[in-house]
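Student: This is entry_23.tsv (TSV, C-alpha atoms).
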```
chain	number	residue	atom	x	y	z
A	29	MET	CA	-19.78	7.08	18.17
A	30	ILE	CA	-17.10	7.80	15.62
A	31	ILE	CA	-16.71	6.69	12.02
A	32	LEU	CA	-13.12	6.20	10.87
A	33	ARG	CA	-12.13	5.75	7.24
A	34	ALA	CA	-8.72	4.35	6.32
A	35	TYR	CA	-7.65	4.68	2.71
A	36	PRO	CA	-5.67	2.21	0.59
A	37	ARG	CA	-2.30	2.85	-0.97
A	38	LEU	CA	-0.63	2.00	-4.25
A	39	HIS	CA	2.88	0.70	-3.65
A	40	ILE	CA	5.30	1.69	-6.42
A	41	GLY	CA	8.17	-0.54	-5.37
A	42	LEU	CA	10.78	-1.61	-2.83
A	43	LEU	CA	14.35	-0.36	-3.19
A	44	ASP	CA	17.19	-2.17	-1.41
A	45	LEU	CA	16.77	-5.92	-1.21
A	46	GLY	CA	20.43	-6.57	-1.90
A	47	SER	CA	22.21	-5.12	1.15
A	48	ALA	CA	23.77	-2.51	-1.12
A	49	THR	CA	23.32	0.37	1.33
A	50	PRO	CA	23.27	0.85	5.13
A	51	ARG	CA	19.47	0.52	5.01
A	52	ARG	CA	17.23	-2.33	3.90
A	53	TYR	CA	14.00	-2.06	1.93
A	54	GLY	CA	12.70	1.50	1.52
A	55	GLY	CA	10.08	2.35	-1.09
A	56	ALA	CA	7.38	4.73	-2.21
A	57	GLY	CA	3.69	4.91	-2.97
A	58	PHE	CA	0.48	6.93	-3.28
A	59	LEU	CA	-2.50	7.12	-0.93
A	60	ILE	CA	-5.69	7.10	-3.00
A	61	ASP	CA	-9.05	8.70	-2.29
A	62	GLY	CA	-11.27	5.70	-2.93
A	63	LEU	CA	-12.21	2.20	-1.71
A	64	PRO	CA	-11.94	3.23	1.96
A	65	ILE	CA	-12.07	0.81	4.88
A	66	GLN	CA	-14.67	2.09	7.34
A	67	PHE	CA	-15.17	1.37	11.03
A	68	GLU	CA	-17.95	2.49	13.36
A	69	ILE	CA	-16.77	2.52	16.98
A	70	THR	CA	-18.86	3.15	20.09
A	71	ARG	CA	-18.04	2.98	23.79
A	72	SER	CA	-19.47	-0.16	25.34
A	73	PHE	CA	-19.49	-2.32	28.47
A	74	ARG	CA	-17.43	-5.00	26.71
A	75	THR	CA	-15.26	-5.10	23.63
A	76	SER	CA	-16.69	-6.80	20.55
A	77	ILE	CA	-16.08	-6.64	16.81
A	78	HIS	CA	-18.62	-7.20	14.03
A	79	GLY	CA	-18.67	-7.24	10.24
A	80	THR	CA	-15.46	-9.22	9.77
A	81	GLU	CA	-17.07	-12.24	8.09
A	82	GLN	CA	-15.55	-11.32	4.70
A	83	LEU	CA	-12.01	-11.19	6.07
A	84	ASP	CA	-9.67	-14.17	5.79
A	85	PRO	CA	-8.75	-16.02	9.02
A	86	ASN	CA	-5.32	-14.40	9.23
A	87	ALA	CA	-6.76	-10.87	9.02
A	88	LYS	CA	-9.38	-11.68	11.66
A	89	SER	CA	-6.71	-13.05	13.97
A	90	GLN	CA	-4.39	-10.06	13.51
A	91	LEU	CA	-7.27	-7.64	14.05
A	92	SER	CA	-8.24	-9.38	17.31
A	93	ARG	CA	-4.63	-9.38	18.54
A	94	ALA	CA	-4.20	-5.69	17.72
A	95	ILE	CA	-7.35	-4.86	19.72
A	96	GLU	CA	-6.08	-6.91	22.67
A	97	ARG	CA	-2.71	-5.15	22.57
A	98	PHE	CA	-4.51	-1.80	22.65
A	99	ARG	CA	-6.66	-2.87	25.60
A	100	SER	CA	-3.58	-4.01	27.51
A	101	LEU	CA	-2.10	-0.54	27.04
A	102	VAL	CA	-5.35	1.33	27.75
A	103	PRO	CA	-6.99	-0.66	30.60
A	104	ASP	CA	-10.60	-0.39	31.70
A	105	PHE	CA	-11.74	0.60	28.22
A	106	ASP	CA	-14.21	-1.29	26.04
A	107	ALA	CA	-15.80	-0.53	22.70
A	108	ASP	CA	-18.15	-1.99	20.13
A	109	ILE	CA	-16.40	-2.07	16.74
A	110	THR	CA	-18.16	-2.65	13.41
A	111	LEU	CA	-16.41	-2.97	10.05
A	112	THR	CA	-18.94	-1.52	7.60
A	113	SER	CA	-16.98	-1.92	4.34
A	114	LYS	CA	-15.82	-4.95	2.37
A	115	PRO	CA	-12.10	-4.41	1.73
A	116	LEU	CA	-10.31	-6.18	-1.10
A	117	GLN	CA	-7.56	-8.40	0.33
A	118	HIS	CA	-4.25	-9.56	-1.15
A	119	VAL	CA	-4.49	-7.50	-4.33
A	120	GLY	CA	-1.83	-4.82	-3.73
A	121	LEU	CA	-3.82	-2.12	-1.90
A	122	GLY	CA	-2.26	-2.51	1.57
A	123	THR	CA	-5.56	-3.58	3.09
A	124	LYS	CA	-4.04	-5.31	6.13
A	125	THR	CA	-2.12	-2.24	7.26
A	126	ALA	CA	-5.15	0.02	6.73
A	127	LEU	CA	-7.38	-2.40	8.67
A	128	LEU	CA	-5.09	-2.66	11.68
A	129	LEU	CA	-4.17	1.01	11.90
A	130	GLY	CA	-7.78	2.01	11.24
A	131	VAL	CA	-9.18	0.09	14.18
A	132	LEU	CA	-6.32	1.13	16.48
A	133	LYS	CA	-6.63	4.81	15.62
A	134	GLY	CA	-10.40	4.60	16.01
A	135	LEU	CA	-10.01	3.11	19.48
A	136	ASP	CA	-7.40	5.75	20.31
A	137	CYS	CA	-9.78	8.54	19.25
A	138	ILE	CA	-12.80	7.30	21.17
A	139	ALA	CA	-10.73	6.49	24.28
A	140	ASN	CA	-8.92	9.85	24.02
A	141	SER	CA	-5.72	7.96	24.84
A	142	GLN	CA	-3.60	10.19	22.56
A	143	LEU	CA	-1.14	7.47	21.57
A	144	ASP	CA	1.59	8.60	19.21
A	145	ASN	CA	2.12	7.18	15.72
A	146	ILE	CA	5.08	5.03	16.76
A	147	THR	CA	3.01	3.36	19.47
A	148	LEU	CA	0.13	2.69	17.08
A	149	GLN	CA	2.57	1.23	14.55
A	150	ARG	CA	4.01	-1.13	17.16
A	151	LEU	CA	0.53	-2.16	18.28
A	152	SER	CA	-0.34	-2.95	14.64
A	153	GLY	CA	2.65	-5.27	14.19
A	154	ARG	CA	3.19	-3.85	10.69
A	155	GLY	CA	6.16	-2.08	9.13
A	156	GLY	CA	8.81	-4.78	9.11
A	157	THR	CA	9.41	-4.25	5.40
A	158	SER	CA	7.56	-1.25	3.97
A	159	GLY	CA	6.70	1.99	5.71
A	160	VAL	CA	4.63	3.38	2.83
A	161	GLY	CA	1.21	2.21	4.01
A	162	LEU	CA	1.95	3.06	7.64
A	163	ASN	CA	3.18	6.58	6.94
A	164	ALA	CA	0.57	7.32	4.27
A	165	PHE	CA	-2.18	6.29	6.70
A	166	PHE	CA	-1.18	9.19	8.93
A	167	VAL	CA	-0.09	11.88	6.45
A	168	GLY	CA	-1.48	10.93	3.02
A	169	GLY	CA	-0.05	11.97	-0.33
A	170	PHE	CA	3.00	10.50	-2.03
A	171	VAL	CA	5.35	9.00	0.54
A	172	ALA	CA	8.89	7.67	0.12
A	173	ASP	CA	10.23	5.87	3.17
A	174	LEU	CA	13.87	5.21	4.04
A	175	GLY	CA	13.52	1.61	5.15
A	176	GLN	CA	15.12	-0.03	8.16
A	177	GLN	CA	18.65	0.15	9.52
A	178	ALA	CA	20.47	-2.93	8.21
A	179	ASP	CA	21.59	-3.92	11.71
A	180	CYS	CA	17.95	-3.89	12.90
A	181	THR	CA	16.81	-6.65	10.54
A	182	THR	CA	17.51	-10.31	9.91
A	183	GLY	CA	19.78	-11.46	7.11
A	184	THR	CA	16.89	-12.61	4.92
A	185	HIS	CA	14.28	-10.50	3.16
A	186	ALA	CA	10.58	-10.96	3.80
A	187	PRO	CA	7.25	-9.18	3.24
A	188	SER	CA	5.75	-6.97	5.95
A	189	SER	CA	3.41	-9.79	6.98
A	190	ALA	CA	6.41	-11.95	7.97
A	191	ALA	CA	9.06	-9.37	8.97
A	192	GLU	CA	9.53	-8.30	12.58
A	193	PRO	CA	8.90	-4.54	12.84
A	194	ARG	CA	11.30	-2.44	14.90
A	195	ASP	CA	10.57	1.22	14.24
A	196	LEU	CA	8.33	3.12	11.90
A	197	PRO	CA	10.43	3.50	8.71
A	198	PRO	CA	11.20	7.24	8.49
A	199	ILE	CA	9.78	9.41	5.74
A	200	GLY	CA	12.37	10.50	3.18
A	201	CYS	CA	9.91	12.79	1.45
A	202	LYS	CA	6.20	13.49	1.53
A	203	LEU	CA	4.68	15.25	-1.48
A	204	ASN	CA	1.21	16.29	-2.50
A	205	ILE	CA	-0.12	14.22	-5.38
A	206	PRO	CA	-1.07	16.47	-8.34
A	207	THR	CA	-4.80	17.10	-8.25
A	208	SER	CA	-5.01	16.80	-12.04
A	209	TRP	CA	-3.91	13.14	-11.94
A	210	ASN	CA	-6.48	10.37	-12.09
A	211	PHE	CA	-5.65	6.84	-10.94
A	212	HIS	CA	-7.43	4.06	-12.82
A	213	LEU	CA	-7.53	0.79	-10.83
A	214	ILE	CA	-7.61	-2.47	-12.78
A	215	LEU	CA	-7.79	-5.88	-11.11
A	216	PRO	CA	-7.03	-9.07	-13.04
A	217	GLY	CA	-8.99	-12.05	-11.75
A	218	GLU	CA	-5.91	-14.08	-10.95
A	219	THR	CA	-4.26	-16.00	-8.13
A	220	ARG	CA	-2.98	-13.63	-5.45
A	221	PHE	CA	0.25	-13.86	-3.48
A	222	SER	CA	-0.19	-14.05	0.29
A	223	GLY	CA	1.14	-15.82	3.35
A	224	PRO	CA	3.68	-18.60	2.69
A	225	GLN	CA	3.60	-18.00	-1.09
A	226	GLU	CA	4.69	-14.39	-0.63
A	227	VAL	CA	7.42	-15.40	1.82
A	228	ALA	CA	8.69	-18.00	-0.65
A	229	PHE	CA	8.73	-15.44	-3.44
A	230	PHE	CA	10.84	-13.01	-1.40
A	231	LYS	CA	13.26	-15.82	-0.54
A	232	ALA	CA	13.63	-16.88	-4.18
A	233	ALA	CA	13.90	-13.35	-5.61
A	234	THR	CA	16.49	-11.94	-3.19
A	235	PRO	CA	19.18	-10.83	-2.62
A	236	LEU	CA	19.39	-8.56	-5.65
A	237	PRO	CA	22.57	-7.53	-7.48
A	238	LYS	CA	23.91	-4.26	-6.09
A	239	PRO	CA	23.98	-2.45	-9.48
A	240	GLU	CA	20.23	-3.07	-9.84
A	241	VAL	CA	19.61	-1.75	-6.34
A	242	PHE	CA	21.56	1.43	-7.08
A	243	GLU	CA	19.71	2.01	-10.35
A	244	THR	CA	16.37	1.38	-8.62
A	245	ILE	CA	17.18	4.02	-6.00
A	246	ALA	CA	18.33	6.47	-8.70
A	247	THR	CA	15.17	5.86	-10.73
A	248	MET	CA	13.06	6.53	-7.66
A	249	TYR	CA	14.76	9.67	-6.36
A	250	HIS	CA	15.86	11.23	-9.66
A	251	GLY	CA	12.86	10.04	-11.67
A	252	ILE	CA	9.65	9.33	-9.81
A	253	VAL	CA	10.06	11.77	-6.91
A	254	PRO	CA	10.70	14.87	-9.12
A	255	ALA	CA	7.94	13.73	-11.48
A	256	VAL	CA	5.43	13.84	-8.61
A	257	LEU	CA	6.87	17.09	-7.23
A	258	GLU	CA	6.61	18.88	-10.59
A	259	GLY	CA	3.51	17.10	-11.90
A	260	GLN	CA	5.43	15.69	-14.87
A	261	LEU	CA	3.28	12.77	-15.98
A	262	LEU	CA	5.50	11.77	-18.92
A	263	GLN	CA	8.55	11.64	-16.63
A	264	LEU	CA	6.56	9.46	-14.25
A	265	ARG	CA	5.70	7.22	-17.22
A	266	GLN	CA	9.31	6.77	-18.28
A	267	SER	CA	10.53	6.25	-14.73
A	268	LEU	CA	7.90	3.60	-14.02
A	269	ILE	CA	8.76	1.80	-17.23
A	270	ARG	CA	12.40	1.60	-16.15
A	271	LEU	CA	11.51	0.63	-12.58
A	272	HIS	CA	9.58	-2.40	-13.88
A	273	GLN	CA	12.64	-3.53	-15.85
A	274	ILE	CA	15.08	-3.70	-12.92
A	275	GLY	CA	15.38	-4.72	-9.30
A	276	PHE	CA	12.61	-6.21	-7.20
A	277	LYS	CA	9.78	-4.67	-9.22
A	278	ALA	CA	10.97	-6.52	-12.33
A	279	ARG	CA	10.84	-9.78	-10.33
A	280	GLU	CA	7.36	-8.96	-9.04
A	281	LEU	CA	6.10	-8.33	-12.57
A	282	SER	CA	7.73	-11.44	-14.05
A	283	ALA	CA	6.11	-13.58	-11.32
A	284	GLN	CA	2.61	-12.52	-12.44
A	285	SER	CA	0.32	-14.56	-14.65
A	286	ASP	CA	0.31	-14.21	-18.42
A	287	LEU	CA	-2.91	-12.19	-18.16
A	288	VAL	CA	-1.36	-9.63	-15.81
A	289	ARG	CA	1.77	-9.26	-17.93
A	290	ARG	CA	-0.21	-8.91	-21.17
A	291	SER	CA	-2.57	-6.40	-19.57
A	292	TYR	CA	0.39	-4.40	-18.27
A	293	LYS	CA	1.99	-4.28	-21.73
A	294	ALA	CA	-1.28	-3.28	-23.38
A	295	LEU	CA	-1.86	-0.44	-20.91
A	296	GLN	CA	1.76	0.67	-21.26
A	297	CYS	CA	1.14	1.25	-24.98
A	298	ILE	CA	-1.20	4.14	-24.17
A	299	PRO	CA	1.20	7.02	-24.88
A	300	ASN	CA	0.29	9.63	-22.25
A	301	CYS	CA	-0.20	7.39	-19.20
A	302	ALA	CA	2.00	5.97	-16.46
A	303	VAL	CA	1.39	2.31	-15.60
A	304	GLY	CA	2.44	0.25	-12.61
A	305	LEU	CA	1.94	-2.99	-10.72
A	306	SER	CA	1.02	-2.17	-7.13
A	307	SER	CA	3.10	-4.06	-4.57
A	308	ILE	CA	3.25	-7.76	-5.42
A	309	GLY	CA	0.04	-7.43	-7.44
A	310	PRO	CA	-2.03	-8.36	-9.22
A	311	LEU	CA	-3.57	-4.86	-9.12
A	312	LEU	CA	-2.52	-2.59	-11.99
A	313	TYR	CA	-2.84	1.19	-11.84
A	314	VAL	CA	-2.81	3.74	-14.64
A	315	VAL	CA	-2.11	7.42	-13.97
A	316	ALA	CA	-3.66	9.77	-16.52
A	317	ASP	CA	-4.40	13.47	-16.68
A	318	GLU	CA	-8.00	14.33	-15.84
A	319	SER	CA	-8.39	16.19	-19.14
A	320	ASP	CA	-7.19	13.23	-21.22
A	321	SER	CA	-10.46	11.65	-22.35
A	322	GLU	CA	-8.69	9.77	-25.15
A	323	SER	CA	-6.58	7.83	-22.64
A	324	ASP	CA	-9.69	7.13	-20.57
A	325	CYS	CA	-11.32	5.54	-23.62
A	326	SER	CA	-8.21	3.48	-24.38
A	327	ILE	CA	-8.10	2.17	-20.80
A	328	MET	CA	-11.74	1.09	-20.97
A	329	GLN	CA	-11.22	-0.58	-24.35
A	330	ILE	CA	-8.33	-2.61	-22.97
A	331	CYS	CA	-10.36	-3.64	-19.93
A	332	GLU	CA	-13.18	-4.78	-22.21
A	333	SER	CA	-10.78	-6.74	-24.43
A	334	PHE	CA	-9.55	-8.85	-21.50
A	335	PRO	CA	-12.65	-10.57	-20.03
A	336	SER	CA	-10.89	-11.40	-16.74
A	337	LEU	CA	-10.10	-7.76	-15.93
A	338	THR	CA	-12.25	-5.84	-13.46
A	339	TYR	CA	-12.23	-2.07	-13.66
A	340	LEU	CA	-12.46	-0.96	-10.03
A	341	GLY	CA	-12.83	2.72	-10.84
A	342	ARG	CA	-11.09	6.04	-11.26
A	343	VAL	CA	-9.92	7.87	-8.14
A	344	LYS	CA	-7.80	10.84	-7.16
A	345	GLY	CA	-4.74	10.80	-4.98
A	346	ARG	CA	-5.45	11.60	-1.35
A	347	ASN	CA	-3.23	14.25	0.21
A	348	GLU	CA	-4.56	13.69	3.73
A	349	GLY	CA	-4.43	10.56	5.83
A	350	PHE	CA	-7.24	8.80	7.70
A	351	GLU	CA	-10.58	10.51	8.24
A	352	VAL	CA	-12.62	10.65	11.47
A	353	VAL	CA	-16.26	11.69	11.62
A	354	HIS	CA	-17.93	12.21	15.00
A	355	ALA	CA	-21.50	11.00	14.80
```
As a first step, turn the structure in this file into structure tokens.
Tutor:
Amino acid sequence: MIILRAYPRLHIGLLDLGSATPRRYGGAGFLIDGLPIQFEITRSFRTSIHGTEQLDPNAKSQLSRAIERFRSLVPDFDADITLTSKPLQHVGLGTKTALLLGVLKGLDCIANSQLDNITLQRLSGRGGTSGVGLNAFFVGGFVADLGQQADCTTGTHAPSSAAEPRDLPPIGCKLNIPTSWNFHLILPGETRFSGPQEVAFFKAATPLPKPEVFETIATMYHGIVPAVLEGQLLQLRQSLIRLHQIGFKARELSAQSDLVRRSYKALQCIPNCAVGLSSIGPLLYVVADESDSESDCSIMQICESFPSLTYLGRVKGRNEGFEVVHA
């Protein structure tokens, strides 16, 4: 038997949703060392999956199809698969990608089929929009992906759940997340975007004006990337503030409920922290230095002042990808 743990990611933002460059999408995010999705997988005489009762119907269906695609590629192999964690869905943690890649990589390990990352990505059906969760699953850390070739995508923009994947979006840079940074995870109890609602949002919010796309890319690669590389938390703060004022991230934030927007503004007032909305939300994350107890107190006070906020915990960045334990 093996135990595989897949870790969630925080998605900072998408870049080109305005056809301003030869590539579409692109983005960046952090893998975090907490709230893992865990599978136990054992060789068996027939393939079965357990522990998926808490998943929504779409996730169950995609998980079953991914397993069938694997079995068609690796014949005469069966396994008993048990999901032993209760992942949060549709909050901005990239749960679907972690689920699908987690079970596929677990099957690959126990079957010793040695499938490469591109093959696993294609079997998962993910990666049509963002490559952050896919790449971070394998390598961990801070990942910035370079999106898809414009001639390999349709003319409209859509989330990863509705976009046809071609190739694994290549990594533009992979950096270690500073070990002194803490990530505070805050979840407003609000309506979550998923399925048709998310597709409709993409359709309404795009295409973006080219000047906003160019400034978004500049903010990412001359703001956020060097901030992570050099461990400059205040530069990360300023860059995230600007990112949430322009481009697709500004649209994602403005589409949130009043509670999410007010919580974001309150957290942003803490002077030594960097604050962001992960993916399409509603999850908010706050990056603070581990020695900054004053900011920790301020974060908790804000969470207590908004009764509909749930503090999910404080975690570190994870500079490695998935984890396999042989039991």
Student: Counting all atoms listed in the file, figure out which residue out of A:Ile146, A:Leu295, A:Val227, A:Leu213 gets nearest to Ser333 in chain A.
Tutor: A:Leu295
Student: From the set A:Val102, A:Leu271, A:Leu111, A:Leu162, which residue has the shortest atom-to-atom contact distance to Gln149 in chain A, counting all atoms listed in the file?
Tutor: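 Answer, going by the shortest atom-to-atom distance: A:Leu162.
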Student: Take every atom of range 34-37 of chain A listed in the file, fit an axis-aligned box around them, add 3 Å per side, and give the centre and edge lengths in Å to one decimal as lines of an AutoDock Vina configuration file.
Tutor:
```
center_x = -5.5
center_y = 3.4
center_z = 2.7
size_x = 12.4
size_y = 8.5
size_z = 13.3
```
Student: Counting only C-alpha atoms, figure out which residue out of A:Gln117, A:Ser307, A:Gln296, A:Asn210 gets nearest to His39 in chain A.
Tutor: A:Ser307
Student: Can you work out which one of A:Leu121, A:Gln176, A:Ile65, A:Gly130 has the shortest atom-to-atom distance to Gly309 in chain A, counting all atoms listed in the file?
Tutor: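 Among the listed residues, the smallest separation from Gly309 in chain A belongs to A:Leu121.
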Student: Calculate how many Å separate CA of Leu63 in chain A from CA of His185 in chain A, rounding to one decimal.
Tutor: 29.8 Å
Student: Using only C-alpha atoms, can you tell me which of A:Thr234, A:Ser323, A:Asn140, A:Ser76 comes closest to Ala278 in chain A?
Tutor: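 Checking each of A:Thr234, A:Ser323, A:Asn140, A:Ser76 against Ala278 in chain A, counting only C-alpha atoms, the winner is A:Thr234.
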Student: Find the residues near Gly79 in chain A: any atom within 7 Å, counting only C-alpha atoms, skip ones fewer than 2 places away on the same chain, and give them as a PDB file with C-alpha atoms, in the frame of the given file.
Tutor:
```pdb
ATOM      1  CA  GLU A  81     -17.070 -12.240   8.090  1.00  0.00           C
ATOM      2  CA  THR A 110     -18.160  -2.650  13.410  1.00  0.00           C
ATOM      3  CA  LEU A 111     -16.410  -2.970  10.050  1.00  0.00           C
ATOM      4  CA  THR A 112     -18.940  -1.520   7.600  1.00  0.00           C
TER       5      THR A 112
END
```
Student: Could you check the closest approach to Arg279 in chain A for each of A:Val160, A:Ala56, A:Leu45, A:Ile95 and tell me which residue wins, using only C-alpha atoms?
Tutor: A:Leu45
Student: Quick one: distance from CA of Gly55 in chain A to CA of Asp173 in chain A in Å, one decimal?
Tutor: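 About the pair CA of Gly55 in chain A and CA of Asp173 in chain A: they are 5.5 Å apart.
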Student: Quick check, in Å to one decimal: how far apart do CA of Tyr53 in chain A and CA of Thr157 in chain A lie?
Tutor: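 Value for the CA of Tyr53 in chain A-CA of Thr157 in chain A distance: 6.2 Å.
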Student: Can you pull out every residue within 12 Å of range 337-341 of chain A, counting all atoms listed in the file, but drop anything in the same chain fewer than 5 positions away, and send it as JSON, numbers by chain?
Tutor: {"A": [60, 61, 62, 63, 116, 119, 121, 210, 211, 212, 213, 214, 215, 216, 217, 218, 287, 288, 290, 291, 292, 310, 311, 312, 313, 314, 324, 327, 328, 329, 330, 331, 332]}
Student: Contacts of Asp195 in chain A at 10 Å or less, counting all atoms listed in the file, minus same-chain residues fewer than 5 places along, as a list of chain:residue names?
Tutor: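 Surrounding residues, per the criterion: A:Ile146, A:Thr147, A:Gln149, A:Arg150, A:Arg154, A:Gly155, A:Gly156, A:Gly159, A:Gly175, A:Gln176, A:Gln177, A:Cys180.
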Student: At a cut-off of 12 Å, using only C-alpha atoms, what residues contact range 258-264 of chain A? Leave out same-chain residues fewer than 4 positions from it and give the result as JSON, numbers by chain.
Tutor: {"A": [40, 170, 203, 204, 205, 206, 207, 208, 209, 210, 211, 247, 248, 249, 250, 251, 252, 253, 254, 268, 269, 270, 271, 296, 298, 299, 300, 301, 302, 303, 304, 314, 315, 316, 317, 318, 320]}
